[in-house]
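Asks: Have a look at this one before I ask anything.
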Amino acid sequence: MKKDTFKRPDMKQISIAVSVIVFTILMVSVIIIINFTKGEMRSDVLKQTTNVGVLLLGSADDHSWNQSHIDSLDRVSGELNLKVIVRDNVPPYGGCHDVIRKLIEEDDCKVVIATSVEYGDTISQAAKEYPDCRFLYTAGRSHEPNVGSFFGRMYQIRYLSGIIAGNQTKTGHIGYVGAYPNSEVNRCINAFTLGVRAVRPDAVVHVSFCNSWVDDELAASSANMLIDKCGADVITLHTDSVSPLRVAEERSVWSIGTGPDDPQLYPNTCLTSCVWDWDSYYRKAILSVKQGKFRGEWQWLGYESGIMKLTDPKLTGNAAPGYEEKLNAAIKGFEEHTYDVFYGPVTDMDGRIRIPEGESMSDDEMYDRFDWYVEGVKIEARVKR
Amino acid sequence: MRIVNNIKAPRTAVNVCFIIVLIFVGILMSSRVQVLLHRFTEGQLSRQAQTIAEKASQVFETELKSLSQKAGAIEHNPEDSSVVMHSLQPSGAGMRLGLVRIDGTAVYGGDVSVLDFAGLQSSFRGRGMISFSAGKGLLFSYPVFNGPNIKYVLYELCPTDKIGENFSISCFEGMGRALVLSAADELIVPFENSTEEDRAFFFGEELSDAFGKLLSDLELSSSAARYTDTTRGGYYVFASEIPDTGFYLAGFVDYETASKGADSIVSLVGTVYLMISLLFVIGSGYLIFTSGMIHSNDELLKAKLVAEEASRAKSDFLASMSHEIRTPINAILGMDEMILREYDEPALRQYALNIRNAGNTLLSLINDILDFSKIESGKMELIPVEYEMSLVIYDLVSMMKPRAEKKGLSFIVRADENIPRVLYGDNIRIKQCILNILTNAVKYTETGSVVMKVDQEYIDESHIYLKVSVKDTGIGIKPEDLERLFSPFERVDETRNRNIEGTGLGMSIVKRMLAMMDSKLEVQSEYGKGSEFSFSIRQEVRSKAPMGDYEKNFIHNMQEQLSYHEQFTAPEAHILIVDDIEMNLTVAAGLLKNTEIGIDTALSAKNALELTEKKEYDVLFIDDRMPGMGGVEMLRELRSQTGNPNTAKPCIVLTANAISGAKEKYIKDGFEDYLQAHRRGGA
């Protein structure tokens, strides 16, 4: 009996131990099985903050080009959960490399945006050094798997603003302050001129180059020169400096701006403004980066994309009526793809037909090789400081 | 068994729990394995969809490339464009080539509007384009340059109803279905070889859920695949963007085709799991079984203990019964002994002698039963004494001869007269063995004779083998019954021997007793003719003188006994005998009368103790079983009394307790000796 009584709890203990072990093994396997697939859960990309670095040639509050980018990034940063890190007054060319490196290495930027074509070469170099970073830069043409270049067909808006300017001018002389005589600026001068002459076939667009994007003084002098010397009663510009608009406001000459708040800043003289609105582009491009679907490509977006527009001339009420029909027809053509600015016939300033009737200019020509001016453009001597 | 069941029940419950959990884990695992397999296949399929999409893209690119070559041909012959156009062949059945101006009017072929095909404008900006217009078809356009400008756009239009024919996508060797959709979800390229049912299935409710998820997957990657269960079975839906077009490819394929035998992994895992589970079930079943066994072993142990208890109880019962029966027999024999001593009347003496014989037989019968129980419980003890073999033989003859002759058998004794006269051994047991064999022989022999042979074999100066054999002309034993012969309570050849009485104990007692004496019963038998039982026992020789003729020897002995004389007289001695039965006291006093010993008797321990205080005795005889104070208690009391003259006197216990170990027990209790209460003259 004694043997019996000490033996039985022994068996019990063994069976309890075995039960516990088996149960533990089963439970552990259940947990492992359940957890096995958890790692593959699709996460919400918008929950993660993405750092975006921006290189600006000038200052962020230039009421012009730079500001248009910063404003758009500010607008989309909330919905895309972005942290925008702005580096302004970054020197062009090789000088920006260190800034790019620091943005990526120190600020952990997954996207670097460079708002000038002058950063292009350095961006391409950095793209090789940081293959996991995505680069976006404006006005360039090259693209790589992690580099996209983007731009808009601003010439279409220039054409539209030309219609208003042509309708507005009394003297038939319109002043145009340009930065450099490159394809981009020339394209806009030509498109503007074609717009002007679509309303006022005899009008002349006087162009003065500053050889600078940011020199306020030169731009102001150029504007004054265009008014004084060329008799311009409408002034427009293609620089980052907005001093020509200030000059026009001071001298009560009509102006067409390039900044989103120009109608408010120059309410007495501003007719309208050709503005960038990068929201839709940035939203799409940065989202594709966050989604891992980014593909580096060259994009030259048209009017229908919405990344640029003409502010409503009725905002200031300065524009003389009569432009509406032509303006709306042009907009409709852009939207429906039935028309573009450089559809023939287009004659150059020397009277040569550059684009015959029924033909059109290729993107390659427009983007990279626009080295001629249409009929009606007059290049003025550069103003000296 | 109820106890076992009660213990088994919770175990079974635990095991059932385990099995349920196992099944649960199995189901969980199989579904998880299925999910993993789906994930894996989805990943594979997603990549395959990408490949299919790239293939589709290549088809489109090839078309554009051929268009660019055609455009090149026109550029080289700007003046003869219509001639060139005429010579160009559309690259696919039902496709139309055309050349348009910037306003969409045709130089050759039909007009196409940029309103329908936005890609036309891109071509007028210099790029080859693919655009789709629902209802109009798929348009491939390519610029025809005139210097830096674009003069015309060459196009090739594939009408909607011909798209399937020219561009349909084959996937999974025709087992899958894929189509191309525009960004606005317009169907561009339909399924290859599809039925109406396929289309209804694809655009129907069943896949819409999976497609919704698929499109959200496409937000995060350029291709994706999803598994879904449908009424048609398991299906994967997949989608992938087609590079450089803005279109995307979508399709479905059934589970079997897509998983391509990967589902055998599921069955493999399932089988392995099932086998492991089975192993577990078998294992736990085995554990339950063995634990049951362990418990039944426990039960057996208990039963054994109970049986042992019962056996002990039986032994105790037998022991006490033997006491109860022996006590009156002792009284009878005692009284008879007195008759034999006190009367010389021959007839009376003959009666008394007969009573003595019968009484002794009765005693031996009881002893038989007691012996067997002793042997069974291992308490049989050999008591070697010096004895005369002739007396043994005579006793046997006197017991068996009348019985044999009564049956008409001749009883023949052949005893070797040279057998030493006095031997040392357990004569009682030897006699018992021979008696049993003889009894058997007489019992089973109807006619003829029973021959008892007693012989010796010399070993050395002081030892011999005593050889005994009993041969009969009885019924004999079948060889197959020989084994059963020694089983207790069994009787061989039952049907034939049904009239023969007996306990069936005889031979098994013989066998066991002989074994105790290092001997063995040997049987030679021929069925129907007779048997011979024999054994030989090693005995010590105490007197080498030959025993001579056993009958003469016996008579000599008898004469001695017939005139009994006390072996001594001791008028100075005083003894005290204590027994609760007066008859016993009378017998004892009577037997000792001629020794002139001063005898006092007491009927109880208390009475005896009073006597011991007054008078000094030489020896005290104390019965151990007395009502009130027993012998042992009385001894203890006596030994503890100071001033009692008998405190240190020898005390001898009188008992009928014949169980071995009893003697040791009494000595331990303080008695000087032990006298079995089977008192006879000469004791």
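We label chains A, B, ... in the order they appear in the structure tokens, count residues from 1 in each chain, and number ligands from 1 in the order shown.
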Up to 7 Å from chain B, what residues of chain A turn up? Count only C-alpha atoms and give them as a short mmCIF file (atom, residue, chain, number, x, y, z; two decimals) with N, CA and C atoms, in the first residue's frame.
Replies:
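Everything below was put into part15.cif:
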data_model
loop_
_atom_site.label_atom_id
_atom_site.label_comp_id
_atom_site.auth_asym_id
_atom_site.auth_seq_id
_atom_site.Cartn_x
_atom_site.Cartn_y
_atom_site.Cartn_z
N ASP A 4 2.15 1.98 -3.33
CA ASP A 4 1.07 2.47 -4.14
C ASP A 4 0.85 3.97 -3.98
N VAL A 30 0.84 27.68 -32.50
CA VAL A 30 -0.30 28.52 -32.91
C VAL A 30 0.16 29.96 -33.08
N ILE A 33 2.35 30.35 -36.09
CA ILE A 33 1.57 30.29 -37.33
C ILE A 33 0.83 31.61 -37.55
N GLN A 291 5.13 55.47 -52.72
CA GLN A 291 4.56 54.16 -53.08
C GLN A 291 5.60 53.22 -53.66
N GLY A 292 6.79 53.78 -53.92
CA GLY A 292 7.82 52.95 -54.52
C GLY A 292 7.61 52.74 -56.00
N LYS A 293 6.79 53.55 -56.59
CA LYS A 293 6.50 53.37 -58.02
C LYS A 293 7.17 54.42 -58.90
N GLU A 336 -8.24 70.82 -75.47
CA GLU A 336 -8.69 69.72 -76.34
C GLU A 336 -7.57 69.17 -77.21
N HIS A 337 -6.40 69.73 -77.05
CA HIS A 337 -5.24 69.30 -77.84
C HIS A 337 -5.39 69.62 -79.33
N THR A 338 -6.32 70.53 -79.66
CA THR A 338 -6.49 70.82 -81.09
C THR A 338 -5.57 71.95 -81.54
N ILE A 355 7.83 77.89 -89.46
CA ILE A 355 6.91 76.75 -89.40
C ILE A 355 5.82 76.99 -90.44
N GLY A 358 0.14 74.38 -91.48
CA GLY A 358 -0.19 72.93 -91.36
C GLY A 358 0.90 72.12 -90.68
N GLU A 359 2.00 72.77 -90.33
CA GLU A 359 3.05 72.00 -89.65
C GLU A 359 3.16 72.45 -88.19
N SER A 360 3.91 71.70 -87.44
CA SER A 360 4.07 72.08 -86.04
C SER A 360 5.53 71.91 -85.63
N MET A 361 5.89 72.64 -84.59
CA MET A 361 7.26 72.58 -84.09
C MET A 361 7.38 71.39 -83.13
N SER A 362 8.49 70.70 -83.24
CA SER A 362 8.65 69.54 -82.34
C SER A 362 9.08 70.00 -80.96
N ASP A 363 8.80 69.14 -79.98
CA ASP A 363 9.19 69.44 -78.60
C ASP A 363 10.70 69.62 -78.49
N GLU A 365 12.77 70.82 -80.62
CA GLU A 365 13.15 72.16 -81.10
C GLU A 365 12.78 73.19 -80.05
#
Asks: If we count only C-alpha atoms and set the cut-off at 12 Å, which residues sit around A:Ile123, ignoring sequence neighbours fewer than 2 positions away in its own chain? Please answer as an NGL selection string.
Replies: :A and (55 or 92-101 or 111-121 or 125-131 or 133-138 or 140 or 142-144 or 146-149)
Asks: Stretch 410-419 of chain B: which residues within 6 Å, counting only C-alpha atoms, same-chain residues fewer than 4 positions away excluded, as an NGL selection string?
Replies: :B and (401 or 449-455 or 546-549)
Asks: Could you find all residues in stretch 104-266 of chain A that DSSP calls alpha helix (DSSP H) from the backbone, and write them as an MDAnalysis selection string?
Replies: chainID A and resid 104:105 120:129 154:168 183:199 216:230 243:250 262:265
Asks: With only C-alpha atoms as the counted atoms, please give the residues lying no more than 8 Å from B:Ile383, apart from itself and same-chain residues fewer than 2 positions off, as a PDB file with C-alpha atoms, in the first residue's frame.
Replies:
ATOM      1  CA  GLU B 381       9.186 -27.030   9.370  1.00  0.00           C
ATOM      2  CA  VAL B 385      14.596 -36.484  15.764  1.00  0.00           C
ATOM      3  CA  GLY B 425      15.456 -37.291  10.573  1.00  0.00           C
ATOM      4  CA  ASP B 426      11.848 -36.243  10.531  1.00  0.00           C
TER       5      ASP B 426
END
Asks: Can you pull out every residue within 8 Å of A:Tyr176, counting only C-alpha atoms, but drop anything in the same chain fewer than 3 positions away, and send it as a list in words?
Replies: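 Listing them by chain and then by number gives Ile189, Val205, His206, Val207, Ser208, Ala223, Leu226, Ile235, Thr236, Leu237 and His238 of chain A.
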Asks: Generate a file of the selected residues that holds N, CA and C atoms, formatted as a tab-separated table (two decimals), in the first residue's frame.
Replies:
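Result file again.tsv:
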chain	number	residue	atom	x	y	z
A	189	ILE	N	9.08	84.33	-74.83
A	189	ILE	CA	9.01	85.60	-75.56
A	189	ILE	C	8.23	85.41	-76.85
A	205	VAL	N	7.16	93.60	-79.54
A	205	VAL	CA	7.56	93.23	-78.18
A	205	VAL	C	9.06	93.50	-78.04
A	206	HIS	N	9.38	94.49	-77.20
A	206	HIS	CA	10.78	94.86	-76.99
A	206	HIS	C	11.34	94.03	-75.84
A	207	VAL	N	12.42	93.34	-76.14
A	207	VAL	CA	12.99	92.44	-75.14
A	207	VAL	C	14.32	92.98	-74.63
A	208	SER	N	14.43	93.00	-73.29
A	208	SER	CA	15.70	93.41	-72.70
A	208	SER	C	16.18	92.31	-71.76
A	223	ALA	N	13.40	97.59	-67.15
A	223	ALA	CA	12.00	97.97	-67.26
A	223	ALA	C	11.88	99.47	-67.56
A	226	LEU	N	12.76	100.09	-71.07
A	226	LEU	CA	11.72	99.67	-72.02
A	226	LEU	C	10.58	100.69	-72.08
A	235	ILE	N	4.31	96.06	-69.48
A	235	ILE	CA	5.60	95.45	-69.16
A	235	ILE	C	5.36	94.02	-68.65
A	236	THR	N	6.13	93.12	-69.16
A	236	THR	CA	6.12	91.77	-68.56
A	236	THR	C	7.56	91.32	-68.36
A	237	LEU	N	7.73	90.16	-67.74
A	237	LEU	CA	9.10	89.80	-67.35
A	237	LEU	C	9.28	88.29	-67.34
A	238	HIS	N	10.54	87.90	-67.46
A	238	HIS	CA	10.88	86.48	-67.29
A	238	HIS	C	12.19	86.40	-66.53
Asks: Please provide as a tab-separated table (two decimals) with C-alpha atoms, in the first residue's frame all residues within 9 Å of B:Asp185, with the sequence filter that same-chain residues fewer than 4 positions apart are discarded (counting only C-alpha atoms).
Replies:
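Writing the result to result11.tsv gives the following:
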chain	number	residue	atom	x	y	z
B	180	VAL	CA	-5.82	45.68	-71.52
B	181	LEU	CA	-7.66	48.56	-69.96
B	247	PHE	CA	-2.76	51.40	-69.98
B	248	TYR	CA	-2.84	48.48	-67.70
Asks: Leaving out stretch 245-249 of chain A and any residue of its chain fewer than 5 positions from it, which residues lie within 12 Å of it when counting only C-alpha atoms, given as a ChimeraX atom specification?
Replies: /A:63-64,174-177,216-228,232-240,254-259,261-273
Asks: Residues of the last selection are to be written out with N, CA and C atoms, as a short mmCIF file (atom, residue, chain, number, x, y, z; two decimals), in the first residue's frame.
Replies:
data_model
loop_
_atom_site.label_atom_id
_atom_site.label_comp_id
_atom_site.auth_asym_id
_atom_site.auth_seq_id
_atom_site.Cartn_x
_atom_site.Cartn_y
_atom_site.Cartn_z
N HIS A 63 8.25 85.83 -54.23
CA HIS A 63 6.97 86.13 -54.90
C HIS A 63 6.98 85.67 -56.34
N SER A 64 7.80 84.71 -56.64
CA SER A 64 7.92 84.28 -58.03
C SER A 64 8.17 82.78 -58.08
N ILE A 174 5.38 96.83 -76.34
CA ILE A 174 5.29 96.09 -75.07
C ILE A 174 6.72 95.72 -74.64
N GLY A 175 6.97 95.96 -73.36
CA GLY A 175 8.31 95.68 -72.86
C GLY A 175 8.39 94.30 -72.20
N TYR A 176 9.52 93.59 -72.45
CA TYR A 176 9.69 92.23 -71.92
C TYR A 176 11.08 92.13 -71.30
N VAL A 177 11.16 92.02 -69.98
CA VAL A 177 12.45 91.89 -69.31
C VAL A 177 12.79 90.41 -69.19
N ASP A 216 17.82 92.47 -59.06
CA ASP A 216 16.67 93.40 -59.02
C ASP A 216 16.99 94.72 -59.76
N GLU A 217 18.19 95.18 -59.52
CA GLU A 217 18.56 96.50 -60.06
C GLU A 217 18.55 96.51 -61.57
N LEU A 218 19.19 95.47 -62.09
CA LEU A 218 19.25 95.37 -63.56
C LEU A 218 17.86 95.22 -64.15
N ALA A 219 17.06 94.40 -63.50
CA ALA A 219 15.70 94.18 -64.00
C ALA A 219 14.91 95.50 -63.98
N ALA A 220 15.08 96.25 -62.89
CA ALA A 220 14.37 97.53 -62.77
C ALA A 220 14.83 98.50 -63.85
N SER A 221 16.16 98.56 -64.05
CA SER A 221 16.70 99.45 -65.08
C SER A 221 16.18 99.08 -66.45
N SER A 222 16.14 97.74 -66.68
CA SER A 222 15.65 97.27 -67.97
C SER A 222 14.21 97.71 -68.19
N ALA A 223 13.40 97.59 -67.15
CA ALA A 223 12.00 97.97 -67.26
C ALA A 223 11.88 99.47 -67.56
N ASN A 224 12.64 100.24 -66.83
CA ASN A 224 12.60 101.68 -67.07
C ASN A 224 13.01 102.01 -68.49
N MET A 225 14.08 101.33 -68.92
CA MET A 225 14.56 101.55 -70.28
C MET A 225 13.46 101.23 -71.29
N LEU A 226 12.76 100.09 -71.07
CA LEU A 226 11.72 99.67 -72.02
C LEU A 226 10.58 100.69 -72.08
N ILE A 227 10.27 101.28 -70.93
CA ILE A 227 9.20 102.28 -70.89
C ILE A 227 9.67 103.58 -71.55
N ASP A 228 10.86 103.97 -71.09
CA ASP A 228 11.34 105.27 -71.55
C ASP A 228 11.73 105.25 -73.02
N ALA A 232 7.03 101.44 -74.15
CA ALA A 232 6.17 100.32 -73.74
C ALA A 232 5.12 100.78 -72.76
N ASP A 233 3.89 100.37 -73.01
CA ASP A 233 2.84 100.69 -72.03
C ASP A 233 2.34 99.42 -71.32
N VAL A 234 2.93 98.32 -71.67
CA VAL A 234 2.69 97.07 -70.92
C VAL A 234 4.07 96.41 -70.71
N ILE A 235 4.31 96.06 -69.48
CA ILE A 235 5.60 95.45 -69.16
C ILE A 235 5.36 94.02 -68.65
N THR A 236 6.13 93.12 -69.16
CA THR A 236 6.12 91.77 -68.56
C THR A 236 7.56 91.32 -68.36
N LEU A 237 7.73 90.16 -67.74
CA LEU A 237 9.10 89.80 -67.35
C LEU A 237 9.28 88.29 -67.34
N HIS A 238 10.54 87.90 -67.46
CA HIS A 238 10.88 86.48 -67.29
C HIS A 238 12.19 86.40 -66.53
N THR A 239 12.14 86.92 -65.29
CA THR A 239 13.25 86.79 -64.35
C THR A 239 12.63 86.41 -63.01
N ASP A 240 13.52 86.01 -62.07
CA ASP A 240 12.99 85.74 -60.74
C ASP A 240 12.81 87.04 -59.97
N TRP A 254 0.98 99.33 -67.38
CA TRP A 254 0.38 98.00 -67.19
C TRP A 254 1.46 96.94 -67.11
N SER A 255 1.15 95.96 -66.31
CA SER A 255 2.15 94.89 -66.19
C SER A 255 1.48 93.51 -66.18
N ILE A 256 2.26 92.56 -66.59
CA ILE A 256 1.81 91.16 -66.46
C ILE A 256 2.88 90.43 -65.64
N GLY A 257 2.46 89.91 -64.51
CA GLY A 257 3.41 89.33 -63.57
C GLY A 257 3.65 87.85 -63.77
N THR A 258 4.46 87.33 -62.86
CA THR A 258 4.72 85.88 -62.87
C THR A 258 4.52 85.28 -61.47
N GLY A 259 4.17 86.13 -60.50
CA GLY A 259 3.97 85.64 -59.14
C GLY A 259 2.50 85.50 -58.84
N ASP A 261 0.77 86.28 -56.26
CA ASP A 261 0.08 87.38 -55.58
C ASP A 261 0.36 88.73 -56.22
N ASP A 262 0.89 88.71 -57.45
CA ASP A 262 1.13 89.98 -58.14
C ASP A 262 -0.12 90.84 -58.27
N PRO A 263 -1.27 90.23 -58.62
CA PRO A 263 -2.48 91.08 -58.72
C PRO A 263 -2.77 91.82 -57.41
N GLN A 264 -2.44 91.22 -56.27
CA GLN A 264 -2.67 91.87 -54.99
C GLN A 264 -1.57 92.91 -54.69
N LEU A 265 -0.33 92.54 -55.08
CA LEU A 265 0.79 93.43 -54.76
C LEU A 265 0.79 94.68 -55.65
N TYR A 266 0.33 94.51 -56.88
CA TYR A 266 0.33 95.66 -57.82
C TYR A 266 -1.08 95.85 -58.37
N PRO A 267 -1.96 96.19 -57.53
CA PRO A 267 -3.37 96.22 -57.92
C PRO A 267 -3.71 97.28 -58.97
N ASN A 268 -2.92 98.30 -59.07
CA ASN A 268 -3.28 99.38 -59.99
C ASN A 268 -2.81 99.14 -61.40
N THR A 269 -1.78 98.32 -61.52
CA THR A 269 -1.22 98.16 -62.86
C THR A 269 -1.21 96.72 -63.36
N CYS A 270 -1.28 95.80 -62.45
CA CYS A 270 -1.18 94.38 -62.87
C CYS A 270 -2.44 93.95 -63.62
N LEU A 271 -2.24 93.45 -64.83
CA LEU A 271 -3.37 92.96 -65.62
C LEU A 271 -3.71 91.52 -65.23
N THR A 272 -2.66 90.72 -65.21
CA THR A 272 -2.81 89.30 -64.86
C THR A 272 -1.42 88.76 -64.54
N SER A 273 -1.36 87.50 -64.19
CA SER A 273 -0.05 86.93 -63.86
C SER A 273 0.03 85.50 -64.39
#
Asks: In Å, how far is it from atom CA of B:Ala404 to atom CA of B:Val442?
Replies: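 That distance, rounded to one decimal, is 5.9 Å.
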Asks: If I take atom CA of B:Glu405 and atom CA of B:Lys443, how far is one from the other in Å, to one decimal?
Replies: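 One can read the atom CA of B:Glu405 to atom CA of B:Lys443 distance as 11.9 Å.
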Asks: So that I can check the secondary structure, give me every residue of stretch 318-355 of chain A assigned strand (DSSP E or B) by backbone DSSP, as a compact mmCIF listing (two decimals) with N, CA and C atoms, in the first residue's frame.
Replies:
# COMPACT_ATOMS: atom_id res chain seq x y z
N TYR A 343 2.07 76.09 -83.78
CA TYR A 343 1.53 75.47 -84.98
C TYR A 343 1.68 76.50 -86.11
N VAL A 346 4.34 80.12 -88.79
CA VAL A 346 5.06 81.03 -87.90
C VAL A 346 6.27 81.57 -88.67
N THR A 347 6.37 82.90 -88.67
CA THR A 347 7.47 83.56 -89.38
C THR A 347 8.42 84.15 -88.36
N ASP A 348 9.71 84.13 -88.66
CA ASP A 348 10.65 84.69 -87.68
C ASP A 348 10.84 86.19 -87.90
N ILE A 353 9.73 82.03 -93.06
CA ILE A 353 8.73 81.11 -92.49
C ILE A 353 9.46 79.96 -91.80
N ARG A 354 9.30 79.94 -90.51
CA ARG A 354 9.98 78.89 -89.73
C ARG A 354 9.10 77.64 -89.61
N ILE A 355 7.83 77.89 -89.46
CA ILE A 355 6.91 76.75 -89.40
C ILE A 355 5.82 76.99 -90.44
